[in-house]
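Encoded as structure tokens, the structure appears first; notes follow it.
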Amino acid sequence: MIIIKNFFSNFILRRLANLQFAIGMLLLIGILIAIGTFIEQDQSIVFYQTNYPENQPIFGFVDWRFIYFLSLNKIYTSYWFAFILFVFASSLIACTFTTQLPLLKKFKLWQFRKNSTQFEQLNSVNIQDASANNLAFKVHKKNYHLFRQNEKTYAYSGLLGRVGPIFVHFSILFLIIGSTWSAFNGYTAQQIIPRGEIFHVQNLLKSGNISYIPQSFSWRVNDFWITYTNEFRTNQFYSDLSLLDNRGFEIKRKTIFVNEPFIYNGITLYQTDWDVLGLKIKINANQTIQVPLKKINTTGRKVWIGSVPITLNDGVKTNYIILVNDLFGNLFLYDNEGKLIQESVIGQPIKINSQVSATFSEFITTTGLQIKTDSGIPLVYFSFFLLMVSVYISFISYSQIWQVEALTNLVVGGKSNRAVLYFQEELKRLVQKPKN
């Protein structure tokens with residue numbers, strides 16, 4: 001048992017805590033992330049077969065079979081990538097507890113220097129007829145922690161600056177844990193829902209290996225509308241959503257738009273898109289039909305077009321073309337020869353002939369929603385907060401001052417890990433004799 005313990009502490013921990021090993025692991029992770037950026041992630045097998053065919057492999061060997069064999073199509077949720085992150089995290093933990101924390105304890109220990117020869121590598125000065133008590137008072141006034149032992153004095157300041165690397169290690173650990181948990185536990189779905197419909201989360205774009213999609217509640221699209229600019233371009237689109245429990249009772253209701261999502265228990269709904277599916281038309285106020293519309297993009301604007309079959313009194317069925325270019329309700333009706341019959345709006349009847357009239361009563365619209373859960377985000381944000389804190393802490397200078405009293409003189413020396421020139425000037429001011 002002792003042999004195993006010694007092997008673990010002397011070999012495994014020492015190897016994990018090695019700086020070169022940690023840098024190598026970090027470089028490997030960076031290369032894998034770069035590969036994940038180059039190779040599209042979480043696509044269908046048809047996509048990879050089309051873009052990475054066997055007869056034209058990249059670099060002579062990277063085809064879709066190679067990608068699938070190494071799980072390069074889902075790097076961030078593969079078990080081997082998680083294992084690499086685990087090894088790197090273990091290296092950070094080993095370095096923190098075997099190197100950084102012991103060093104922090106060492107910095108707090110009294111480090112007296114006994115003779116003047118130990119001051120040769122320091123910023124030191126030899127003072128004649130100086131008072132050790134006077135120097136100690138000045139050092140204490142500068143917020144140094146002071147220790148005296150007979151004729152020897154030791155003082156330090158800015159110990160917090162030595163905590164910076166520890167904060168960096170923990171911030172990277174939290175980042176790894178949070179992002180890995182999100183990758184394996186999160187999911188993203190994209191759905192197009194007609195106004196007034198109730199839906200569950202179904203159309204998954206990607207999901208983690210251990211993700212869970214709750215089915216105990218549902219969502220309802222109560223309403224959908226769009227605002228336009230003065231140039232008749234889309235300004236913003238809104239969805240009025242309700243969250244329902246398994247009995248159909250409303251739990252929460254909110255109107256969402258771009259950059260204003262619906263958040264509930266870690267599930268976030270984003271407004272992403274919209275569309276017009278069709279148009280409801282009343283014929284002679286006694287018949288209602290639904291006409292599907294097809295979207296066409298022209299010069300950055302959306303236009304919808306559809307065919308309206310209307311049976312005239314003589315029994316002849318004629319197809320009319322309906323054109324919609326916004327949701328203000330402006331409509332254009334054309335005959336089958338492309339001649340404009342009438343421009344109309346929602347709710348206004350159009351006379352087809354003396355016996356037949358048509359009223360465009362309502363648009364059938366849909367809203368595009370993205371449903372996403374990312375439970376590791378709070379930990380990721382906290383890791384960035386720690387990283388920012390560590391940057392500021394790292395600017396704090398850790399300074400040390402020693403003094404040894406001789407028979408007729410006082411030897412004073414010091415060093416600092418940052419702002420060395422400033423520390424030298426400060427040391428000169430500290431040892432300067434007071435003016436009478």
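To be explicit about the labels: the chains of the structure tokens are called A, B, and onward in the order shown, and within each one the residues are counted from 1, while ligands get numbers from 1 in the order they are shown.
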
Write out as number ranges by chain all residues of stretch 9-237 of chain A that backbone DSSP assigns to strand (DSSP E or B).
A: 58, 62, 123-128, 145-149, 152-157, 187-194, 198-199, 204-207, 218-228, 234-237

Might you pull out every residue within 8 Å of A:Leu72, with only C-alpha atoms counted and same-chain residues fewer than 6 positions away left off, and present them as a VMD selection string?
chain A and resid 35 to 36 39 41

Output the selection as a CSV table (one decimal), in the first residue's frame - C-alpha atoms for each residue.
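Output file part.csv follows:
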```csv
chain,number,residue,atom,x,y,z
A,35,ILE,CA,-10.4,20.8,-36.3
A,36,GLY,CA,-13.9,21.1,-34.9
A,39,ILE,CA,-15.1,20.2,-40.0
A,41,GLN,CA,-20.2,19.6,-36.4
```

Using only C-alpha atoms, pick whichever of A:Ser242, A:Gln287, A:Thr180, A:Thr229 has the shortest atom-to-atom distance to A:Phe86.
A:Thr180

Quick one: residues within 7 Å of A:Thr188, only C-alpha atoms, excluding same-chain residues fewer than 3 positions away - as a PyMOL selection string?
chain A and resi 204-207+371-373

Spatial neighbours of A:Tyr48, max dist 9 Å, only C-alpha atoms, sep filter under 2 positions, as a ChimeraX atom specification:
/A:40,43-46,50-53,63-65,67-68,73

Distance criterion (only C-alpha atoms): nearest to A:Asn417 out of A:Ile75, A:Leu122, A:Leu386, A:Ala82
A:Leu122

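Taking stretch 146-379 of chain A and asking which residues DSSP calls alpha helix (DSSP H) on the backbone, you get Gly164, Pro165, Ile166, Phe167, Val168, His169, Phe170, Ser171, Ile172, Leu173, Phe174, Leu175, Ile176, Ile177, Gly178, Ser179, Thr180, Trp181, Ser182, Ala183, Phe184, Asn185, Ile377, Pro378 and Leu379 of chain A.
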
Just want the 10 Å neighbourhood of stretch 189-202 of chain A, counted on only C-alpha atoms, with same-chain residues fewer than 4 positions away dropped. Output as an MDAnalysis selection string.
chainID A and resid 206:207 213:225 239:244 248 269:270 272:277 363:373

Contacts of A:Phe332 at 8 Å or less, counting only C-alpha atoms, minus same-chain residues fewer than 4 places along, as a PyMOL selection string?
chain A and resi 322-324+340-344

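Counting only C-alpha atoms, the residue from A:Leu27, A:Ala22, A:Leu387, A:Val404 that sits nearest to A:Arg113 is A:Val404.
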
Skip A:Phe88 itself and residues of its chain fewer than 5 positions away, then list as a tab-separated table (two decimals) with C-alpha atoms, in the first residue's frame all residues within 10 Å of it, counting only C-alpha atoms.
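The resulting file, part-v3.tsv, is shown below:
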```tsv
chain	number	residue	atom	x	y	z
A	16	LEU	CA	0.52	15.59	-14.12
A	17	ALA	CA	1.83	18.72	-12.40
A	21	PHE	CA	2.88	18.34	-19.92
A	22	ALA	CA	0.09	20.86	-19.20
A	23	ILE	CA	1.19	23.08	-22.09
A	24	GLY	CA	1.26	20.03	-24.40
A	25	MET	CA	-2.28	19.07	-23.38
A	26	LEU	CA	-3.48	22.64	-23.90
A	28	LEU	CA	-3.60	19.36	-28.21
A	29	ILE	CA	-6.97	20.73	-27.10
A	82	ALA	CA	-13.90	14.48	-22.69
A	83	PHE	CA	-11.07	12.21	-21.53
A	93	ILE	CA	-5.55	20.26	-10.05
A	94	ALA	CA	-2.24	18.47	-9.44
A	172	ILE	CA	-10.00	27.10	-16.38
A	173	LEU	CA	-11.31	24.16	-14.32
A	176	ILE	CA	-13.92	22.92	-18.61
```

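Comparing A:Lys280, A:Lys141, A:Lys74, A:Lys252 by their smallest distance to A:Ser361, the closest is A:Lys280 (using only C-alpha atoms).
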
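Among the candidate residues A:Ile401, A:Ile251, A:Val356, A:Ala419, the one lying nearest to A:Lys138 is A:Ile401, with distances computed using only C-alpha atoms.
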
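Across A:Gly164, A:Asn330, A:Glu405, A:Ser91, the tightest approach to A:Val303 is made by A:Asn330 when counting only C-alpha atoms.
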